[in-house]
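K.L.:
What follows is the file model-v1.pdb, containing PDB, C-alpha atoms and all ligand atoms:
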ATOM      1  CA  MET T  81      17.553  17.578   4.182
ATOM      2  CA  LEU T  82      15.369  14.768   2.822
ATOM      3  CA  GLY T  83      17.137  11.899   4.586
ATOM      4  CA  LEU T  84      17.975  10.219   1.277
ATOM      5  CA  PRO T  85      21.235   9.091  -0.340
ATOM      6  CA  ASP T  86      22.647  11.700  -2.760
ATOM      7  CA  ASP T  87      22.121   9.629  -5.908
ATOM      8  CA  VAL T  88      18.382   9.250  -5.317
ATOM      9  CA  THR T  89      16.459  11.473  -7.740
ATOM     10  CA  THR T  90      12.999   9.894  -7.528
ATOM     11  CA  CYS T  91      10.597   9.034  -4.710
ATOM     12  CA  LEU T  92       8.135   6.171  -5.125
ATOM     13  CA  PHE T  93       5.428   6.552  -2.488
ATOM     14  CA  ASP T  94       2.955   3.898  -1.447
ATOM     15  CA  LEU T  95      -0.407   5.534  -0.713
ATOM     16  CA  ASP T  96      -2.477   3.766   1.977
ATOM     17  CA  GLY T  97      -0.684   4.145   5.305
ATOM     18  CA  VAL T  98       2.184   6.215   3.872
ATOM     19  CA  LEU T  99       0.504   9.344   2.488
ATOM     20  CA  THR T 100      -3.072   8.798   3.691
ATOM     21  CA  ARG T 101      -4.664   7.318   6.796
ATOM     22  CA  THR T 102      -6.479   4.756   4.660
ATOM     23  CA  ALA T 103      -4.734   1.558   5.803
ATOM     24  CA  THR T 104      -7.218   1.536   8.710
ATOM     25  CA  VAL T 105     -10.117   2.101   6.287
ATOM     26  CA  HIS T 106      -9.013  -0.904   4.226
ATOM     27  CA  ALA T 107      -8.429  -3.044   7.329
ATOM     28  CA  ALA T 108     -11.932  -2.276   8.662
ATOM     29  CA  ALA T 109     -13.554  -2.995   5.282
ATOM     30  CA  TRP T 110     -11.668  -6.289   4.977
ATOM     31  CA  LYS T 111     -12.786  -7.253   8.460
ATOM     32  CA  GLN T 112     -16.420  -6.581   7.665
ATOM     33  CA  ALA T 113     -16.329  -8.535   4.379
ATOM     34  CA  PHE T 114     -14.341 -11.513   5.720
ATOM     35  CA  ASP T 115     -16.279 -11.775   8.993
ATOM     36  CA  GLU T 116     -19.639 -11.805   7.193
ATOM     37  CA  PHE T 117     -18.334 -14.471   4.832
ATOM     38  CA  LEU T 118     -16.726 -16.658   7.532
ATOM     39  CA  LYS T 119     -19.790 -16.483   9.789
ATOM     40  CA  GLN T 120     -22.102 -17.456   6.980
ATOM     41  CA  ARG T 121     -19.861 -20.302   5.863
ATOM     42  CA  ASP T 122     -19.318 -21.955   9.255
ATOM     43  CA  PRO T 123     -21.063 -20.169  12.150
ATOM     44  CA  GLU T 124     -19.963 -22.754  14.753
ATOM     45  CA  HIS T 125     -16.227 -22.399  14.090
ATOM     46  CA  PHE T 126     -16.251 -18.678  13.318
ATOM     47  CA  THR T 127     -12.850 -17.085  14.077
ATOM     48  CA  PRO T 128     -12.928 -13.369  13.210
ATOM     49  CA  PHE T 129     -10.439 -11.643  10.905
ATOM     50  CA  ASP T 130      -7.784  -9.911  13.002
ATOM     51  CA  LYS T 131      -7.207  -6.300  11.876
ATOM     52  CA  GLY T 132      -3.664  -6.556  13.272
ATOM     53  CA  HIS T 133      -2.024  -9.876  12.459
ATOM     54  CA  ASP T 134      -4.254 -11.103   9.597
ATOM     55  CA  TYR T 135      -4.247  -7.722   7.856
ATOM     56  CA  ASP T 136      -0.495  -7.093   8.190
ATOM     57  CA  GLU T 137       0.520 -10.622   7.243
ATOM     58  CA  TYR T 138      -1.852 -11.598   4.434
ATOM     59  CA  VAL T 139      -3.563  -8.517   2.987
ATOM     60  CA  ASP T 140      -1.732  -5.227   3.541
ATOM     61  CA  GLY T 141      -0.117  -3.758   0.435
ATOM     62  CA  LYS T 142      -1.337  -6.470  -1.940
ATOM     63  CA  PRO T 143      -3.792  -6.117  -4.832
ATOM     64  CA  ARG T 144      -7.393  -6.814  -3.777
ATOM     65  CA  GLU T 145      -7.776 -10.321  -5.212
ATOM     66  CA  ASP T 146      -4.388 -11.428  -3.826
ATOM     67  CA  GLY T 147      -5.573 -10.240  -0.408
ATOM     68  CA  VAL T 148      -8.718 -12.396  -0.684
ATOM     69  CA  ARG T 149      -6.777 -15.481  -1.828
ATOM     70  CA  ASP T 150      -3.905 -15.158   0.653
ATOM     71  CA  PHE T 151      -6.044 -14.591   3.749
ATOM     72  CA  LEU T 152      -8.508 -17.362   2.880
ATOM     73  CA  ALA T 153      -5.595 -19.740   2.153
ATOM     74  CA  SER T 154      -4.333 -19.053   5.698
ATOM     75  CA  ARG T 155      -7.682 -20.498   6.870
ATOM     76  CA  GLY T 156      -7.484 -23.421   4.440
ATOM     77  CA  ILE T 157     -10.245 -21.962   2.224
ATOM     78  CA  HIS T 158      -9.987 -21.842  -1.577
ATOM     79  CA  LEU T 159     -12.749 -20.145  -3.552
ATOM     80  CA  PRO T 160     -13.366 -20.183  -7.300
ATOM     81  CA  GLU T 161     -12.058 -17.037  -8.985
ATOM     82  CA  GLY T 162     -15.411 -15.977 -10.447
ATOM     83  CA  SER T 163     -15.352 -12.851 -12.590
ATOM     84  CA  PRO T 164     -14.836  -9.109 -12.005
ATOM     85  CA  ASP T 165     -18.591  -8.518 -12.374
ATOM     86  CA  ASP T 166     -19.570 -10.898  -9.549
ATOM     87  CA  GLY T 167     -22.002  -9.433  -7.049
ATOM     88  CA  PRO T 168     -20.879  -8.872  -3.445
ATOM     89  CA  ASP T 169     -22.756 -11.946  -2.214
ATOM     90  CA  GLU T 170     -21.069 -14.410  -4.544
ATOM     91  CA  ALA T 171     -18.692 -16.838  -2.813
ATOM     92  CA  THR T 172     -15.877 -16.175  -5.281
ATOM     93  CA  VAL T 173     -12.557 -14.316  -5.072
ATOM     94  CA  TYR T 174     -13.978 -11.422  -7.099
ATOM     95  CA  GLY T 175     -17.321 -11.474  -5.264
ATOM     96  CA  LEU T 176     -15.648 -11.137  -1.879
ATOM     97  CA  GLY T 177     -13.282  -8.476  -3.255
ATOM     98  CA  ASN T 178     -16.278  -6.528  -4.562
ATOM     99  CA  ARG T 179     -17.992  -6.821  -1.168
ATOM    100  CA  LYS T 180     -14.908  -5.309   0.464
ATOM    101  CA  ASN T 181     -14.641  -2.579  -2.167
ATOM    102  CA  ALA T 182     -18.255  -1.471  -1.671
ATOM    103  CA  GLU T 183     -17.426  -0.982   2.005
ATOM    104  CA  VAL T 184     -14.200   0.957   1.238
ATOM    105  CA  GLN T 185     -16.095   3.221  -1.129
ATOM    106  CA  ARG T 186     -18.848   3.796   1.430
ATOM    107  CA  ARG T 187     -16.298   4.743   4.105
ATOM    108  CA  ILE T 188     -14.351   7.074   1.779
ATOM    109  CA  LEU T 189     -17.543   8.864   0.753
ATOM    110  CA  THR T 190     -19.037   9.178   4.248
ATOM    111  CA  ASP T 191     -15.925   9.741   6.381
ATOM    112  CA  GLY T 192     -13.547  11.316   3.853
ATOM    113  CA  VAL T 193      -9.803  10.634   3.827
ATOM    114  CA  ASP T 194      -7.157  12.011   6.185
ATOM    115  CA  VAL T 195      -3.699  12.904   4.910
ATOM    116  CA  TYR T 196      -0.706  12.493   7.218
ATOM    117  CA  GLU T 197       0.465  16.082   7.584
ATOM    118  CA  GLY T 198       4.122  14.979   7.850
ATOM    119  CA  SER T 199       3.717  13.229   4.504
ATOM    120  CA  ARG T 200       2.185  16.287   2.851
ATOM    121  CA  ARG T 201       5.098  18.406   4.110
ATOM    122  CA  TYR T 202       7.613  15.805   2.930
ATOM    123  CA  LEU T 203       6.007  15.670  -0.536
ATOM    124  CA  GLN T 204       6.236  19.465  -0.746
ATOM    125  CA  ALA T 205       9.902  19.385   0.302
ATOM    126  CA  VAL T 206      10.660  16.692  -2.260
ATOM    127  CA  ARG T 207       8.950  18.783  -4.948
ATOM    128  CA  ASP T 208      10.856  21.914  -3.883
ATOM    129  CA  ALA T 209      14.132  19.972  -4.045
ATOM    130  CA  GLY T 210      13.350  19.024  -7.664
ATOM    131  CA  LEU T 211      12.985  15.274  -7.130
ATOM    132  CA  ARG T 212      10.453  13.187  -9.067
ATOM    133  CA  ARG T 213       7.309  11.981  -7.225
ATOM    134  CA  ILE T 214       5.335   8.904  -8.231
ATOM    135  CA  VAL T 215       2.631   7.083  -6.248
ATOM    136  CA  VAL T 216       2.824   3.283  -6.444
ATOM    137  CA  SER T 217      -0.156   1.591  -4.821
ATOM    138  CA  SER T 218      -1.967  -1.722  -5.224
ATOM    139  CA  SER T 219      -5.280   0.033  -4.722
ATOM    140  CA  ALA T 220      -7.682   0.477  -7.605
ATOM    141  CA  ASN T 221      -9.085   3.457  -5.637
ATOM    142  CA  THR T 222      -5.804   5.423  -5.813
ATOM    143  CA  ARG T 223      -6.970   8.024  -8.305
ATOM    144  CA  GLN T 224     -10.065   8.870  -6.252
ATOM    145  CA  VAL T 225      -8.083   9.113  -2.992
ATOM    146  CA  LEU T 226      -5.448  11.387  -4.568
ATOM    147  CA  GLU T 227      -8.186  13.613  -5.920
ATOM    148  CA  VAL T 228     -10.317  13.945  -2.772
ATOM    149  CA  THR T 229      -7.237  14.751  -0.681
ATOM    150  CA  GLY T 230      -5.722  17.263  -3.090
ATOM    151  CA  LEU T 231      -2.530  15.197  -3.184
ATOM    152  CA  ALA T 232      -2.945  14.727  -6.941
ATOM    153  CA  GLU T 233      -1.319  18.114  -7.568
ATOM    154  CA  LEU T 234       1.793  17.140  -5.603
ATOM    155  CA  VAL T 235       2.543  13.945  -7.528
ATOM    156  CA  GLU T 236       3.594  13.511 -11.126
ATOM    157  CA  GLY T 237       2.393  10.031 -11.898
ATOM    158  CA  ARG T 238       0.732   6.937 -10.575
ATOM    159  CA  VAL T 239       0.998   3.167 -10.873
ATOM    160  CA  ASP T 240      -2.030   1.602  -9.187
ATOM    161  CA  GLY T 241      -4.369  -1.383  -8.990
ATOM    162  CA  VAL T 242      -5.884  -0.428 -12.341
ATOM    163  CA  THR T 243      -2.428  -0.245 -13.974
ATOM    164  CA  LEU T 244      -1.554  -3.684 -12.603
ATOM    165  CA  VAL T 245      -4.533  -5.260 -14.360
ATOM    166  CA  GLU T 246      -4.035  -3.305 -17.602
ATOM    167  CA  GLN T 247      -0.325  -4.071 -17.852
ATOM    168  CA  HIS T 248      -0.479  -7.601 -16.378
ATOM    169  CA  LEU T 249       1.952  -6.707 -13.610
ATOM    170  CA  ARG T 250       2.429  -8.838 -10.502
ATOM    171  CA  GLY T 251       1.392  -7.187  -7.242
ATOM    172  CA  LYS T 252       3.611  -6.522  -4.204
ATOM    173  CA  PRO T 253       5.675  -8.299  -2.828
ATOM    174  CA  ALA T 254       6.817  -8.666  -6.454
ATOM    175  CA  PRO T 255       8.759  -5.526  -7.462
ATOM    176  CA  ASP T 256       6.823  -4.980 -10.741
ATOM    177  CA  SER T 257       4.730  -1.986  -9.678
ATOM    178  CA  PHE T 258       7.718  -0.090  -8.250
ATOM    179  CA  LEU T 259       9.788  -0.948 -11.338
ATOM    180  CA  ALA T 260       6.954   0.490 -13.456
ATOM    181  CA  GLY T 261       7.047   3.611 -11.244
ATOM    182  CA  ALA T 262      10.809   4.061 -11.833
ATOM    183  CA  LYS T 263      10.253   3.556 -15.554
ATOM    184  CA  LEU T 264       7.512   6.193 -15.541
ATOM    185  CA  ALA T 265      10.007   8.647 -14.016
ATOM    186  CA  GLY T 266      12.675   7.552 -16.522
ATOM    187  CA  VAL T 267      15.200   6.445 -13.879
ATOM    188  CA  GLN T 268      17.003   3.262 -12.848
ATOM    189  CA  PRO T 269      15.800   1.489  -9.668
ATOM    190  CA  SER T 270      19.095   2.443  -7.985
ATOM    191  CA  GLN T 271      18.128   6.126  -8.387
ATOM    192  CA  ALA T 272      14.749   5.687  -6.698
ATOM    193  CA  ALA T 273      13.681   5.469  -3.060
ATOM    194  CA  VAL T 274      10.673   3.384  -1.996
ATOM    195  CA  PHE T 275       8.412   4.559   0.857
ATOM    196  CA  GLU T 276       6.276   1.753   2.318
ATOM    197  CA  ASP T 277       4.340   0.820   5.436
ATOM    198  CA  ALA T 278       3.399  -2.738   4.393
ATOM    199  CA  LEU T 279       5.584  -5.808   4.841
ATOM    200  CA  ALA T 280       4.761  -6.888   1.265
ATOM    201  CA  GLY T 281       5.709  -3.362   0.109
ATOM    202  CA  VAL T 282       9.179  -3.166   1.694
ATOM    203  CA  ALA T 283       9.802  -6.692   0.378
ATOM    204  CA  ALA T 284       8.935  -5.415  -3.115
ATOM    205  CA  GLY T 285      11.389  -2.522  -2.663
ATOM    206  CA  ARG T 286      14.123  -4.930  -1.633
ATOM    207  CA  ALA T 287      13.357  -7.375  -4.463
ATOM    208  CA  GLY T 288      13.661  -4.573  -7.052
ATOM    209  CA  ASN T 289      17.111  -3.430  -5.796
ATOM    210  CA  PHE T 290      15.962   0.134  -5.269
ATOM    211  CA  GLY T 291      18.433   2.754  -4.070
ATOM    212  CA  PHE T 292      16.819   3.101  -0.654
ATOM    213  CA  VAL T 293      13.819   1.545   1.114
ATOM    214  CA  ILE T 294      12.107   3.567   3.848
ATOM    215  CA  GLY T 295       9.818   1.585   6.128
ATOM    216  CA  VAL T 296       7.022   3.709   7.621
ATOM    217  CA  ASP T 297       5.941   2.191  10.903
ATOM    218  CA  ARG T 298       2.384   3.178  11.772
ATOM    219  CA  VAL T 299       1.506   0.082  13.826
ATOM    220  CA  GLY T 300       4.607  -0.895  15.830
ATOM    221  CA  GLN T 301       6.194  -3.383  13.410
ATOM    222  CA  ALA T 302       9.604  -1.710  12.951
ATOM    223  CA  ASP T 303      11.576  -4.960  13.374
ATOM    224  CA  GLN T 304       9.461  -6.771  10.806
ATOM    225  CA  LEU T 305       9.783  -3.897   8.335
ATOM    226  CA  ARG T 306      13.577  -4.131   8.691
ATOM    227  CA  ALA T 307      13.486  -7.923   8.378
ATOM    228  CA  HIS T 308      11.468  -7.638   5.150
ATOM    229  CA  GLY T 309      13.918  -5.182   3.580
ATOM    230  CA  ALA T 310      13.664  -1.627   4.944
ATOM    231  CA  ASP T 311      17.007   0.255   5.088
ATOM    232  CA  VAL T 312      15.593   2.646   7.674
ATOM    233  CA  VAL T 313      12.331   2.832   9.607
ATOM    234  CA  VAL T 314      10.560   6.055  10.586
ATOM    235  CA  ARG T 315       7.222   6.629  12.291
ATOM    236  CA  ASP T 316       6.398   9.636  10.155
ATOM    237  CA  LEU T 317       7.961  11.085   7.005
ATOM    238  CA  ALA T 318       8.512  14.409   8.804
ATOM    239  CA  GLU T 319      11.317  12.673  10.747
ATOM    240  CA  LEU T 320      13.276  12.607   7.490
ATOM    241  CA  LEU T 321      13.042  16.405   7.330
ATOM    242  CA  SER T 322      14.474  17.003  10.755
ATOM    243  CA  GLY T 323      18.033  16.909   9.465
ATOM    244  CA  GLU T 324      18.945  14.313  12.059
ATOM    245  CA  PRO T 325      21.204  11.666  10.592
ATOM    246  CA  THR T 326      19.261   8.569   9.563
ATOM    247  CA  SER T 327      21.203   5.321   9.671
ATOM    248  CA  GLY T 328      22.370   4.439   6.145
ATOM    249  CA  ALA T 329      21.267   7.777   4.688
ATOM    250  CA  GLN T 330      22.832  11.170   4.198
ATOM    251  CA  ALA T 331      20.837  13.980   5.759
TER     252      ALA T 331
HETATM  253  O1  LIG T 401      -9.298  -2.730  -2.854
HETATM  254  P1  LIG T 401      -8.362  -1.700  -3.389
HETATM  255  O2  LIG T 401      -8.775  -0.288  -3.080
HETATM  256  O3  LIG T 401      -8.056  -1.911  -4.823
HETATM  257  O4  LIG T 401      -7.012  -1.868  -2.590
HETATM  258  C1  LIG T 401      -6.205  -3.023  -2.608
HETATM  259  C2  LIG T 401      -5.164  -2.928  -1.499
HETATM  260  O5  LIG T 401      -4.417  -1.736  -1.671
HETATM  261  C3  LIG T 401      -3.342  -1.539  -0.765
HETATM  262  O6  LIG T 401      -2.772  -0.290  -0.991
HETATM  263  C4  LIG T 401      -3.805  -1.623   0.671
HETATM  264  O7  LIG T 401      -2.673  -1.664   1.484
HETATM  265  C5  LIG T 401      -4.658  -2.872   0.909
HETATM  266  O8  LIG T 401      -5.213  -2.854   2.176
HETATM  267  C6  LIG T 401      -5.772  -2.928  -0.120
HETATM  268  O9  LIG T 401      -6.541  -4.072   0.123
END
Just give me the structure of the file as structure tokens.
Ligand SMILES: O=P(O)(O)OC[C@H]1O[C@@H](O)[C@H](O)[C@@H](O)[C@@H]1O
P.N.:
Amino acid sequence: MLGLPDDVTTCLFDLDGVLTRTATVHAAAWKQAFDEFLKQRDPEHFTPFDKGHDYDEYVDGKPREDGVRDFLASRGIHLPEGSPDDGPDEATVYGLGNRKNAEVQRRILTDGVDVYEGSRRYLQAVRDAGLRRIVVSSSANTRQVLEVTGLAELVEGRVDGVTLVEQHLRGKPAPDSFLAGAKLAGVQPSQAAVFEDALAGVAAGRAGNFGFVIGVDRVGQADQLRAHGADVVVRDLAELLSGEPTSGAQA
């Protein structure tokens, strides 16, 4: 009924783009921060941040500072690290990350956060079936998003951007955060399924040898999700509830 192999007892859900419609919020905030920075740095050769390619390839799913470094590296730009307290106008990795975070926060507070209804139903079904439910996200805003959406009561634990810093874990595409999620549930990686919409996220699921990796395709990148390690790709988690056989999974 859940579209998962029988030996899976735990679901590890990414947040942004899997449970909540916040991947677009992050992409828009990144665009604003990077475009302001790039324009200021070299107005004549300004090439805007692309919310499709640049976001999916260099930023999506990764911890904030990795997103800054990896996108800027793709443009041949290397900034000093700076420090976590840097103001949003500082030309440092942390400064630019803080500029983006101020914009994310503003958007969350003014526009609110949408939950994918198929994901809410799937979470409820997983709970009713007695499986464990952990959110594994690179975002340091995870706690706030779970609270404002009411999803907090449907999940049992969380590994997020704050945990990564506290426990010195590597961000996705390294498997560390998902491995920490499995550990939190007290299960082996082979007993856990990973739900991810980001290329870096499915790669992390593959790298950690998890029991099953579900790619969630919100933007038309099914082939790339498969190529990066998804066992199956769905457009919405509700498809897993339909009882239709999913390739590689037992219904
Ligand atoms: O800046 P935050 O909220 O800590 O989030 C870091 C990253 O978290 C990931 O979940 C998102 O996919 C990225 O887009 C985001 O940049």
K.L.:
Measure the distance from CA of Leu84 (chain T) to CA of Val312 (chain T) in Å and round it to one decimal.
P.N.:
10.2 Å
K.L.:
Which residues fall under the PyMOL selection byres (((not hetatm)) within 6 of (chain T and resi 401)) in this file, as a list in words?
P.N.:
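Checked against the file, the PyMOL selection byres (((not hetatm)) within 6 of (chain T and resi 401)) matches Asp96, Ala103, His106, Val139, Asp140, Gly141, Lys142, Pro143, Arg144, Asn181, Ser217, Ser218, Ser219, Ala220, Asn221 and Gly241 of chain T.
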K.L.:
Mind dumping the selected residues with C-alpha atoms as an mmCIF file, in the frame of the given file?
P.N.:
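again-v8.cif, written as the output of this step:
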data_model
loop_
_atom_site.group_PDB
_atom_site.id
_atom_site.type_symbol
_atom_site.label_atom_id
_atom_site.label_comp_id
_atom_site.auth_asym_id
_atom_site.auth_seq_id
_atom_site.Cartn_x
_atom_site.Cartn_y
_atom_site.Cartn_z
ATOM 1 C CA ASP T 96 -2.477 3.766 1.977
ATOM 2 C CA ALA T 103 -4.734 1.558 5.803
ATOM 3 C CA HIS T 106 -9.013 -0.904 4.226
ATOM 4 C CA VAL T 139 -3.563 -8.517 2.987
ATOM 5 C CA ASP T 140 -1.732 -5.227 3.541
ATOM 6 C CA GLY T 141 -0.117 -3.758 0.435
ATOM 7 C CA LYS T 142 -1.337 -6.470 -1.940
ATOM 8 C CA PRO T 143 -3.792 -6.117 -4.832
ATOM 9 C CA ARG T 144 -7.393 -6.814 -3.777
ATOM 10 C CA ASN T 181 -14.641 -2.579 -2.167
ATOM 11 C CA SER T 217 -0.156 1.591 -4.821
ATOM 12 C CA SER T 218 -1.967 -1.722 -5.224
ATOM 13 C CA SER T 219 -5.280 0.033 -4.722
ATOM 14 C CA ALA T 220 -7.682 0.477 -7.605
ATOM 15 C CA ASN T 221 -9.085 3.457 -5.637
ATOM 16 C CA GLY T 241 -4.369 -1.383 -8.990
#
K.L.:
Between T:Glu236, T:Glu227, T:Glu183, T:Asp130, which is the closest to Arg207 (chain T) once you count only C-alpha atoms?
P.N.:
T:Glu236
K.L.:
If you apply the PyMOL selection byres (((chain T and resi 104) around 12) and not hetatm) to this file, what residues do you get, as a PyMOL selection string?
P.N.:
chain T and resi 96-98+100-103+105-111+131-132+135-136+140+184+187-188+193-194+298-299
K.L.:
May I ask for the distance between CA of Thr222 (chain T) and CA of Ala287 (chain T), given in Å to one decimal place?
P.N.:
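So the answer is 23.1 Å.
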K.L.:
I want to know what sits within 10 Å of Arg155 (chain T), based on all atoms listed in the file, with residues of the same chain fewer than 4 positions away left out; could you give that as a VMD selection string?
P.N.:
chain T and resid 118 127 150 to 151
K.L.:
Expand the PyMOL selection byres (((chain T and resi 248-261) around 10) and not hetatm) into the individual residues it matches in the shown file, reporting them as a PyMOL selection string.
P.N.:
chain T and resi 90-94+140-146+213-218+237-247+262-269+272-274+278-290+308
K.L.:
How many Å separate CA of Glu197 (chain T) from CA of Gly210 (chain T)?
P.N.:
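Between CA of Glu197 (chain T) and CA of Gly210 (chain T) the gap is 20.2 Å.
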K.L.:
Could you check the closest approach to Glu137 (chain T) for each of T:Asp122, T:Ala182, T:Ser154, T:Arg200 and tell me which residue wins, using only C-alpha atoms?
P.N.:
T:Ser154
K.L.:
Pick out the closest residue to Leu320 (chain T) from this set: T:Phe292, T:Tyr202, T:Tyr174, T:Phe275. Count only C-alpha atoms.
P.N.:
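Smallest separation from Leu320 (chain T) among the options: T:Tyr202.
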K.L.:
For region 95-99 of chain T, what centre and edge lengths in Å (one decimal) does the axis-aligned box get once 5 Å is added on each side of all its listed atoms, as JSON?
P.N.:
{"center_x": -0.1, "center_y": 6.6, "center_z": 2.3, "size_x": 14.7, "size_y": 15.6, "size_z": 16.0}
K.L.:
Rank T:Gly147, T:Gly291, T:Gly198, T:Gly156 by their smallest atom-to-atom distance to Asp134 (chain T), using only C-alpha atoms, and report the top residue only.
P.N.:
T:Gly147
K.L.:
Show which residues sit within 8 Å of Pro160 (chain T), as a PyMOL selection string. Count only C-alpha atoms, and ignore same-chain residues fewer than 5 positions away.
P.N.:
chain T and resi 171-173
